[in-house]
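K.L.:
coords_20.pdb (PDB, C-alpha atoms) pasted underneath:
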```pdb
ATOM      1  CA  MET L 206      -3.914 -31.447  -0.251
ATOM      2  CA  PRO L 207      -0.216 -32.371  -0.113
ATOM      3  CA  VAL L 208       0.454 -30.117   2.879
ATOM      4  CA  VAL L 209      -2.299 -31.847   4.874
ATOM      5  CA  HIS L 210      -0.966 -35.305   3.986
ATOM      6  CA  ASP L 211       2.631 -34.310   4.766
ATOM      7  CA  THR L 212       1.580 -32.723   8.063
ATOM      8  CA  ALA L 213      -0.315 -35.862   9.078
ATOM      9  CA  VAL L 214       2.658 -38.092   8.243
ATOM     10  CA  LEU L 215       5.104 -35.937  10.214
ATOM     11  CA  PHE L 216       2.699 -35.536  13.121
ATOM     12  CA  ALA L 217       2.346 -39.312  13.326
ATOM     13  CA  ARG L 218       6.134 -39.706  13.251
ATOM     14  CA  TYR L 219       6.740 -37.248  16.075
ATOM     15  CA  ALA L 220       3.752 -38.524  18.059
ATOM     16  CA  ARG L 221       5.192 -42.058  17.972
ATOM     17  CA  GLN L 222       8.510 -40.711  19.230
ATOM     18  CA  THR L 223       6.727 -39.011  22.131
ATOM     19  CA  LEU L 224       4.637 -42.058  23.016
ATOM     20  CA  ARG L 225       7.805 -44.149  23.215
ATOM     21  CA  SER L 226       9.071 -41.786  25.921
ATOM     22  CA  PRO L 227       6.631 -41.679  28.864
ATOM     23  CA  PHE L 228       9.314 -39.780  30.799
ATOM     24  CA  GLN L 229       8.943 -36.845  28.388
ATOM     25  CA  ILE L 230       5.158 -36.895  28.700
ATOM     26  CA  PHE L 231       4.974 -36.774  32.485
ATOM     27  CA  PHE L 232       8.216 -34.994  33.420
ATOM     28  CA  GLY L 233       7.137 -31.832  31.585
ATOM     29  CA  VAL L 234       4.209 -31.335  33.959
ATOM     30  CA  LEU L 235       6.295 -31.899  37.088
ATOM     31  CA  MET L 236       7.323 -28.265  37.662
ATOM     32  CA  PRO L 237       3.772 -26.826  37.446
ATOM     33  CA  LEU L 238       2.603 -29.633  39.734
ATOM     34  CA  LEU L 239       5.229 -28.661  42.292
ATOM     35  CA  TYR L 240       4.044 -25.051  42.145
ATOM     36  CA  LEU L 241       0.479 -26.290  42.566
ATOM     37  CA  LEU L 242       1.257 -28.516  45.553
ATOM     38  CA  LEU L 243       3.859 -26.398  47.348
ATOM     39  CA  PHE L 244       2.977 -22.823  46.358
ATOM     40  CA  GLY L 245      -0.790 -22.993  45.923
ATOM     41  CA  PRO L 246      -1.673 -23.567  49.605
ATOM     42  CA  LEU L 247       0.277 -20.419  50.561
ATOM     43  CA  LEU L 248      -2.214 -18.285  48.637
ATOM     44  CA  THR L 249      -5.344 -19.650  50.302
ATOM     45  CA  GLY L 250      -7.336 -16.839  51.842
ATOM     46  CA  LEU L 251      -5.039 -14.065  50.616
ATOM     47  CA  PRO L 252      -6.564 -11.040  48.833
ATOM     48  CA  LEU L 253      -5.259 -11.392  45.273
ATOM     49  CA  GLY L 254      -7.035  -8.454  43.713
ATOM     50  CA  ARG L 255      -9.221 -10.519  41.375
ATOM     51  CA  THR L 256     -12.620 -12.186  41.351
ATOM     52  CA  GLY L 257     -12.421 -15.837  42.332
ATOM     53  CA  ASP L 258     -10.467 -17.832  44.862
ATOM     54  CA  SER L 259      -6.722 -18.467  44.900
ATOM     55  CA  TRP L 260      -6.984 -21.643  42.793
ATOM     56  CA  GLN L 261      -8.893 -19.782  40.072
ATOM     57  CA  VAL L 262      -6.028 -17.288  39.994
ATOM     58  CA  LEU L 263      -3.089 -19.688  40.238
ATOM     59  CA  VAL L 264      -4.138 -22.553  37.936
ATOM     60  CA  PRO L 265      -4.618 -20.425  34.775
ATOM     61  CA  GLY L 266      -1.140 -19.024  35.317
ATOM     62  CA  LEU L 267       0.336 -22.488  35.734
ATOM     63  CA  LEU L 268      -1.360 -23.660  32.541
ATOM     64  CA  LEU L 269       0.245 -20.890  30.536
ATOM     65  CA  GLN L 270       3.550 -21.384  32.347
ATOM     66  CA  LEU L 271       3.443 -24.980  31.142
ATOM     67  CA  GLY L 272       2.994 -23.811  27.555
ATOM     68  CA  LEU L 273       5.511 -20.975  27.892
ATOM     69  CA  PHE L 274       8.462 -23.012  29.094
ATOM     70  CA  GLY L 275       7.586 -26.286  27.381
ATOM     71  CA  ALA L 276       7.065 -24.815  23.922
ATOM     72  CA  SER L 277       9.938 -22.339  24.210
ATOM     73  CA  PHE L 278      12.440 -25.159  24.637
ATOM     74  CA  ALA L 279      10.958 -27.304  21.842
ATOM     75  CA  GLY L 280      13.680 -26.097  19.473
ATOM     76  CA  PHE L 281      16.246 -28.317  21.161
ATOM     77  CA  ALA L 282      14.856 -31.166  19.026
ATOM     78  CA  VAL L 283      15.629 -29.295  15.794
ATOM     79  CA  ILE L 284      19.193 -28.625  16.902
ATOM     80  CA  MET L 285      19.669 -32.328  17.570
ATOM     81  CA  GLU L 286      18.136 -33.239  14.217
ATOM     82  CA  LYS L 287      20.516 -30.834  12.501
ATOM     83  CA  ASN L 288      23.486 -32.424  14.234
ATOM     84  CA  TRP L 289      22.294 -35.939  13.355
ATOM     85  CA  GLY L 290      21.670 -35.098   9.700
ATOM     86  CA  VAL L 291      17.910 -35.686   9.876
ATOM     87  CA  LEU L 292      17.065 -32.235   8.517
ATOM     88  CA  GLU L 293      19.588 -32.664   5.731
ATOM     89  CA  ARG L 294      17.800 -35.815   4.593
ATOM     90  CA  LEU L 295      14.398 -34.127   4.802
ATOM     91  CA  ARG L 296      15.727 -31.233   2.730
ATOM     92  CA  VAL L 297      16.017 -33.373  -0.402
ATOM     93  CA  THR L 298      12.456 -34.729  -0.138
ATOM     94  CA  PRO L 299       9.418 -33.012  -1.725
ATOM     95  CA  VAL L 300       7.725 -32.630   1.671
ATOM     96  CA  SER L 301       6.051 -29.261   2.240
ATOM     97  CA  ARG L 302       8.121 -26.814   4.311
ATOM     98  CA  LEU L 303       4.946 -25.722   6.075
ATOM     99  CA  ALA L 304       4.257 -29.360   6.976
ATOM    100  CA  LEU L 305       7.754 -29.660   8.456
ATOM    101  CA  LEU L 306       6.729 -27.012  10.956
ATOM    102  CA  LEU L 307       3.069 -27.955  11.467
ATOM    103  CA  GLY L 308       3.816 -31.634  12.065
ATOM    104  CA  ARG L 309       6.052 -30.651  14.956
ATOM    105  CA  VAL L 310       3.862 -27.976  16.523
ATOM    106  CA  LEU L 311       0.731 -30.141  16.314
ATOM    107  CA  ARG L 312       2.563 -32.820  18.284
ATOM    108  CA  ASP L 313       3.687 -30.198  20.791
ATOM    109  CA  ALA L 314       0.171 -28.800  21.152
ATOM    110  CA  ALA L 315      -1.277 -32.278  21.736
ATOM    111  CA  LEU L 316       1.422 -33.045  24.315
ATOM    112  CA  PHE L 317       1.009 -29.842  26.311
ATOM    113  CA  VAL L 318      -2.782 -29.957  26.254
ATOM    114  CA  PHE L 319      -2.564 -33.495  27.647
ATOM    115  CA  GLN L 320      -0.208 -32.259  30.357
ATOM    116  CA  ALA L 321      -2.609 -29.371  31.026
ATOM    117  CA  VAL L 322      -5.410 -31.894  31.557
ATOM    118  CA  LEU L 323      -3.268 -33.704  34.139
ATOM    119  CA  LEU L 324      -2.525 -30.402  35.874
ATOM    120  CA  VAL L 325      -6.202 -29.418  36.049
ATOM    121  CA  LEU L 326      -7.181 -32.847  37.387
ATOM    122  CA  ALA L 327      -4.614 -32.432  40.170
ATOM    123  CA  ALA L 328      -5.907 -28.897  40.841
ATOM    124  CA  LEU L 329      -9.483 -30.206  41.140
ATOM    125  CA  LEU L 330      -8.277 -32.587  43.836
ATOM    126  CA  MET L 331      -6.601 -29.662  45.589
ATOM    127  CA  GLY L 332      -9.796 -27.607  45.651
ATOM    128  CA  LEU L 333     -10.145 -25.875  42.280
ATOM    129  CA  ARG L 334     -13.727 -25.177  41.248
ATOM    130  CA  ALA L 335     -14.264 -23.788  37.763
ATOM    131  CA  PRO L 336     -16.940 -24.117  35.056
ATOM    132  CA  LEU L 337     -16.293 -26.741  32.387
ATOM    133  CA  ALA L 338     -16.486 -24.120  29.641
ATOM    134  CA  GLY L 339     -13.800 -22.078  31.397
ATOM    135  CA  ILE L 340     -11.536 -25.110  31.725
ATOM    136  CA  LEU L 341     -11.931 -25.917  28.017
ATOM    137  CA  ILE L 342     -11.161 -22.309  27.099
ATOM    138  CA  GLY L 343      -7.977 -22.614  29.158
ATOM    139  CA  PHE L 344      -6.937 -25.676  27.140
ATOM    140  CA  ALA L 345      -7.575 -23.753  23.910
ATOM    141  CA  PHE L 346      -5.274 -20.947  25.076
ATOM    142  CA  VAL L 347      -2.574 -23.490  25.964
ATOM    143  CA  ALA L 348      -2.823 -24.929  22.440
ATOM    144  CA  LEU L 349      -2.556 -21.494  20.799
ATOM    145  CA  LEU L 350       0.367 -20.487  23.002
ATOM    146  CA  THR L 351       2.125 -23.753  22.169
ATOM    147  CA  PHE L 352       1.602 -23.210  18.432
ATOM    148  CA  ALA L 353       3.076 -19.724  18.638
ATOM    149  CA  LEU L 354       6.048 -20.339  20.918
ATOM    150  CA  ALA L 355       7.014 -23.704  19.430
ATOM    151  CA  SER L 356       7.036 -22.135  15.959
ATOM    152  CA  LEU L 357       9.341 -19.349  17.138
ATOM    153  CA  SER L 358      11.482 -21.822  19.066
ATOM    154  CA  TYR L 359      12.037 -23.968  15.972
ATOM    155  CA  ALA L 360      12.811 -20.866  13.920
ATOM    156  CA  LEU L 361      15.414 -19.746  16.459
ATOM    157  CA  ALA L 362      16.912 -23.236  16.619
ATOM    158  CA  LEU L 363      17.508 -23.175  12.861
ATOM    159  CA  LYS L 364      19.507 -19.971  13.291
ATOM    160  CA  LEU L 365      21.707 -21.244  16.125
ATOM    161  CA  ARG L 366      24.347 -23.939  16.019
ATOM    162  CA  SER L 367      24.380 -25.608  19.414
ATOM    163  CA  PRO L 368      22.302 -26.249  22.561
ATOM    164  CA  GLN L 369      24.813 -24.111  24.470
ATOM    165  CA  GLU L 370      23.643 -21.093  22.479
ATOM    166  CA  PHE L 371      19.970 -22.013  22.435
ATOM    167  CA  GLY L 372      19.386 -22.613  26.158
ATOM    168  CA  PRO L 373      20.624 -19.243  27.466
ATOM    169  CA  ALA L 374      18.810 -17.399  24.669
ATOM    170  CA  ILE L 375      15.482 -19.005  25.606
ATOM    171  CA  ASN L 376      15.988 -18.422  29.336
ATOM    172  CA  THR L 377      16.756 -14.761  28.673
ATOM    173  CA  LEU L 378      13.392 -14.401  26.932
ATOM    174  CA  ALA L 379      11.188 -16.802  28.916
ATOM    175  CA  VAL L 380      11.968 -15.787  32.504
ATOM    176  CA  PRO L 381      11.202 -12.052  32.121
ATOM    177  CA  SER L 382       8.086 -13.004  30.142
ATOM    178  CA  MET L 383       6.879 -15.141  33.033
ATOM    179  CA  LEU L 384       7.613 -12.492  35.649
ATOM    180  CA  LEU L 385       6.030  -9.625  33.707
ATOM    181  CA  SER L 386       2.934 -11.536  32.612
ATOM    182  CA  GLY L 387       1.542 -12.186  36.075
ATOM    183  CA  LEU L 388       1.503 -15.947  35.656
ATOM    184  CA  MET L 389       2.082 -16.625  39.349
ATOM    185  CA  LEU L 390       0.253 -13.632  40.836
ATOM    186  CA  PRO L 391      -1.979 -11.002  39.190
ATOM    187  CA  MET L 392      -0.136  -7.884  38.073
ATOM    188  CA  THR L 393      -2.840  -5.820  39.784
ATOM    189  CA  LEU L 394      -0.810  -6.441  42.963
ATOM    190  CA  ALA L 395       2.259  -4.794  41.387
ATOM    191  CA  PRO L 396       3.248  -1.127  41.690
ATOM    192  CA  GLY L 397       1.915   1.116  38.944
ATOM    193  CA  TRP L 398       5.079   1.229  36.849
ATOM    194  CA  LEU L 399       5.416  -2.574  36.852
ATOM    195  CA  ASP L 400       1.746  -3.041  36.033
ATOM    196  CA  ALA L 401       2.099  -0.641  33.096
ATOM    197  CA  LEU L 402       5.234  -2.433  31.863
ATOM    198  CA  SER L 403       3.452  -5.778  31.980
ATOM    199  CA  HIS L 404       0.964  -4.583  29.360
ATOM    200  CA  LEU L 405       3.770  -4.833  26.807
ATOM    201  CA  MET L 406       3.806  -8.615  27.313
ATOM    202  CA  PRO L 407       1.279 -10.467  25.137
ATOM    203  CA  PHE L 408       1.089 -13.328  27.646
ATOM    204  CA  ARG L 409      -0.530 -11.042  30.219
ATOM    205  CA  TYR L 410      -3.637 -10.736  28.052
ATOM    206  CA  LEU L 411      -3.828 -14.520  27.713
ATOM    207  CA  VAL L 412      -3.579 -15.269  31.422
ATOM    208  CA  ASP L 413      -6.078 -12.531  32.320
ATOM    209  CA  ALA L 414      -8.524 -14.006  29.793
ATOM    210  CA  VAL L 415      -8.155 -17.531  31.189
ATOM    211  CA  ARG L 416      -8.660 -16.229  34.734
ATOM    212  CA  ASP L 417     -11.893 -14.599  33.607
ATOM    213  CA  ALA L 418     -12.970 -17.887  32.028
ATOM    214  CA  TYR L 419     -12.247 -19.775  35.248
ATOM    215  CA  VAL L 420     -14.779 -17.633  37.114
ATOM    216  CA  GLY L 421     -17.370 -17.923  34.354
ATOM    217  CA  ARG L 422     -16.875 -14.498  32.793
ATOM    218  CA  TYR L 423     -16.779 -14.981  29.022
ATOM    219  CA  ALA L 424     -18.257 -11.831  27.441
ATOM    220  CA  THR L 425     -15.676  -9.359  28.737
ATOM    221  CA  ALA L 426     -13.193  -6.980  27.160
ATOM    222  CA  THR L 427     -10.409  -8.949  28.846
ATOM    223  CA  MET L 428     -11.544 -12.123  27.079
ATOM    224  CA  LEU L 429     -11.762 -10.321  23.744
ATOM    225  CA  TYR L 430      -8.261  -8.887  24.100
ATOM    226  CA  GLY L 431      -6.919 -12.295  25.095
ATOM    227  CA  VAL L 432      -8.442 -14.022  22.060
ATOM    228  CA  LEU L 433      -7.236 -11.342  19.641
ATOM    229  CA  VAL L 434      -3.709 -11.355  21.044
ATOM    230  CA  ALA L 435      -3.534 -15.165  21.104
ATOM    231  CA  VAL L 436      -4.762 -15.592  17.533
ATOM    232  CA  GLY L 437      -2.674 -12.722  16.166
ATOM    233  CA  PHE L 438       0.472 -13.899  17.938
ATOM    234  CA  THR L 439      -0.065 -17.446  16.674
ATOM    235  CA  VAL L 440      -0.547 -16.364  13.049
ATOM    236  CA  LEU L 441       2.555 -14.167  13.215
ATOM    237  CA  ALA L 442       4.672 -16.893  14.831
ATOM    238  CA  VAL L 443       3.634 -19.627  12.381
ATOM    239  CA  THR L 444       4.360 -17.256   9.480
ATOM    240  CA  VAL L 445       7.836 -16.510  10.847
ATOM    241  CA  GLY L 446       8.502 -20.192  11.504
ATOM    242  CA  THR L 447       7.403 -21.265   8.030
ATOM    243  CA  ARG L 448       9.530 -18.635   6.302
ATOM    244  CA  THR L 449      12.540 -19.650   8.364
ATOM    245  CA  PHE L 450      12.089 -23.314   7.406
ATOM    246  CA  ARG L 451      11.772 -22.382   3.738
ATOM    247  CA  ARG L 452      14.856 -20.176   3.754
ATOM    248  CA  ALA L 453      16.857 -22.843   5.550
ATOM    249  CA  GLN L 454      15.509 -25.468   3.103
ATOM    250  CA  ALA L 455      15.003 -27.669   6.146
TER     251      ALA L 455
END
```
Give the structure from this file in structure tokens form.
P.N.:
Amino acid sequence: MPVVHDTAVLFARYARQTLRSPFQIFFGVLMPLLYLLLFGPLLTGLPLGRTGDSWQVLVPGLLLQLGLFGASFAGFAVIMEKNWGVLERLRVTPVSRLALLLGRVLRDAALFVFQAVLLVLAALLMGLRAPLAGILIGFAFVALLTFALASLSYALALKLRSPQEFGPAINTLAVPSMLLSGLMLPMTLAPGWLDALSHLMPFRYLVDAVRDAYVGRYATATMLYGVLVAVGFTVLAVTVGTRTFRRAQA
């Protein structure tokens, strides 16, 4: 299929760009690592309102924080490509518009899953104990979150003209999402009104599902809700991203 071929070609192009920049690969995981090393020990022994120890609560949140902030800012690359005329040159080629999006988000998903592996390895050294199946489920959620948020990030970048507009817009959306999703601490510790408000955030269902997986609980309603929200959000985001690329003739 042409879309598969075009996606593979673009994925290889963007993957080579990433591999030529080790700084990009390892710097992206620095902030979650700092939270792990400097914030994680503060939670040891504290009652966090969930099954499992503090590492089984904190690490799933850090994994999704990695995907949330990393993928949300992926659109900066599209803005730069617009300014350099790269998208204008791609516009006149017969390449599939869906492939233009999928080639990018596949690279992003591979990058952030690799960074998630590094984060989990560091957490294991710090004291994390979790079943292998739970860890793999966490990586799958990171990949889905990356697909969804990177697609929306690229769509937004096509609508805006400069990094000065893009950065504040993403921060305005990403920071409240992090705070209301319970990525750092479970929302069960929050007052009732804040806990209720957090249910409006789709990321809460993802992080709760990964925390269940990290304690070996797979057949739960929380896991089901997390999977449904993750898959539905990803399908919606990729659809929006593809339509935006087609309309922009990028």
K.L.:
If the PyMOL selection byres ((chain L and resi 272) around 7) is run on the structure shown, which residues does it catch, given as an MDAnalysis selection string?
P.N.:
chainID L and resid 268:271 273:276 317 347 350:351
K.L.:
Where's the centre, and what are the edge lengths in Å to one decimal, of a box along x, y and z enclosing all listed atoms of range 219-224 of chain L padded 6 Å per side, as JSON?
P.N.:
```
{"center_x": 6.1, "center_y": -39.7, "center_z": 19.5, "size_x": 16.8, "size_y": 16.8, "size_z": 18.9}
```
K.L.:
Exactly which residues make up the result of the PyMOL selection byres ((chain L and resi 389) around 10) on this file, given as a list in words?
P.N.:
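In the shown coordinates, the PyMOL selection byres ((chain L and resi 389) around 10) covers Tyr240, Phe244, Gly245, Val262, Leu263, Val264, Pro265, Gly266, Leu267, Leu269, Gln270, Met383, Leu384, Leu385, Ser386, Gly387, Leu388, Leu390, Pro391, Met392 and Val412 of chain L.
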K.L.:
I'd like to know which of L:Phe438, L:Phe228, L:Phe278, L:Phe344 is closest to Ser358 in chain L, using all atoms listed in the file.
P.N.:
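So, comparing all the options, the nearest one is L:Phe278.
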K.L.:
What is the distance, in Å and to one decimal place, between CA of Arg294 in chain L and CA of Ala353 in chain L?
P.N.:
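Result for CA of Arg294 in chain L versus CA of Ala353 in chain L: 25.9 Å, one decimal.
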K.L.:
Would you translate the PyMOL selection byres ((chain L and resi 440) around 12) into the concrete set of residues it matches in this file, as a ChimeraX atom specification?
P.N.:
/L:349-350,352-354,356-357,433-439,441-447
K.L.:
What is the CA of Ala348 in chain L to CA of Ala314 in chain L distance in Å?
P.N.:
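Those two atoms sit 5.1 Å apart.
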K.L.:
At a cut-off of 12 Å from (15.6, -31.5, 15.6) in the coordinates of the file, what residues are picked up using all atoms listed in the file, written as a ChimeraX atom specification?
P.N.:
/L:219,278-293,295,305-306,309,358-363,365-368,455
K.L.:
Could you write out that same residue set with C-alpha atoms as an mmCIF file, keeping the file's coordinate frame?
P.N.:
```
data_model
loop_
_atom_site.group_PDB
_atom_site.id
_atom_site.type_symbol
_atom_site.label_atom_id
_atom_site.label_comp_id
_atom_site.auth_asym_id
_atom_site.auth_seq_id
_atom_site.Cartn_x
_atom_site.Cartn_y
_atom_site.Cartn_z
ATOM 1 C CA TYR L 219 6.740 -37.248 16.075
ATOM 2 C CA PHE L 278 12.440 -25.159 24.637
ATOM 3 C CA ALA L 279 10.958 -27.304 21.842
ATOM 4 C CA GLY L 280 13.680 -26.097 19.473
ATOM 5 C CA PHE L 281 16.246 -28.317 21.161
ATOM 6 C CA ALA L 282 14.856 -31.166 19.026
ATOM 7 C CA VAL L 283 15.629 -29.295 15.794
ATOM 8 C CA ILE L 284 19.193 -28.625 16.902
ATOM 9 C CA MET L 285 19.669 -32.328 17.570
ATOM 10 C CA GLU L 286 18.136 -33.239 14.217
ATOM 11 C CA LYS L 287 20.516 -30.834 12.501
ATOM 12 C CA ASN L 288 23.486 -32.424 14.234
ATOM 13 C CA TRP L 289 22.294 -35.939 13.355
ATOM 14 C CA GLY L 290 21.670 -35.098 9.700
ATOM 15 C CA VAL L 291 17.910 -35.686 9.876
ATOM 16 C CA LEU L 292 17.065 -32.235 8.517
ATOM 17 C CA GLU L 293 19.588 -32.664 5.731
ATOM 18 C CA LEU L 295 14.398 -34.127 4.802
ATOM 19 C CA LEU L 305 7.754 -29.660 8.456
ATOM 20 C CA LEU L 306 6.729 -27.012 10.956
ATOM 21 C CA ARG L 309 6.052 -30.651 14.956
ATOM 22 C CA SER L 358 11.482 -21.822 19.066
ATOM 23 C CA TYR L 359 12.037 -23.968 15.972
ATOM 24 C CA ALA L 360 12.811 -20.866 13.920
ATOM 25 C CA LEU L 361 15.414 -19.746 16.459
ATOM 26 C CA ALA L 362 16.912 -23.236 16.619
ATOM 27 C CA LEU L 363 17.508 -23.175 12.861
ATOM 28 C CA LEU L 365 21.707 -21.244 16.125
ATOM 29 C CA ARG L 366 24.347 -23.939 16.019
ATOM 30 C CA SER L 367 24.380 -25.608 19.414
ATOM 31 C CA PRO L 368 22.302 -26.249 22.561
ATOM 32 C CA ALA L 455 15.003 -27.669 6.146
#
```
K.L.:
Report the distance between CA of Ala379 in chain L and CA of Ser403 in chain L in Å, rounded to one decimal place.
P.N.:
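Between CA of Ala379 in chain L and CA of Ser403 in chain L the gap is 13.8 Å.
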K.L.:
Ranking L:Trp398, L:Phe408, L:Phe232, L:Tyr419 by minimum distance to Leu341 in chain L and counting only C-alpha atoms, which one comes first?
P.N.:
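Residue with the minimum atom-to-atom distance to Leu341 in chain L: L:Tyr419.
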K.L.:
Please list as number ranges by chain every residue within 9 Å of Gln320 in chain L, counting only C-alpha atoms and excluding residues in the same chain fewer than 4 positions away.
P.N.:
L: 230-231, 233-234, 268, 271, 315-316, 324-325
K.L.:
Considering only C-alpha atoms, can you say which of L:Ala217, L:Pro237, L:Leu303, L:His210 comes closest to Arg448 in chain L?
P.N.:
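Among the listed residues, the smallest separation from Arg448 in chain L belongs to L:Leu303.
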K.L.:
Which residue, L:Leu215, L:Leu429, L:Gly421, L:Pro246, has the smallest gap to Leu337 in chain L when you use all atoms listed in the file?
P.N.:
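Checking each of L:Leu215, L:Leu429, L:Gly421, L:Pro246 against Leu337 in chain L, counting all atoms listed in the file, the winner is L:Gly421.
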K.L.:
In file coordinates, which residues lie within 7 Å of (1.8, -29.9, 13.6) using only C-alpha atoms, given as a list in words?
P.N.:
Thr212, Phe216, Leu306, Leu307, Gly308, Arg309, Val310, Leu311 and Arg312 of chain L
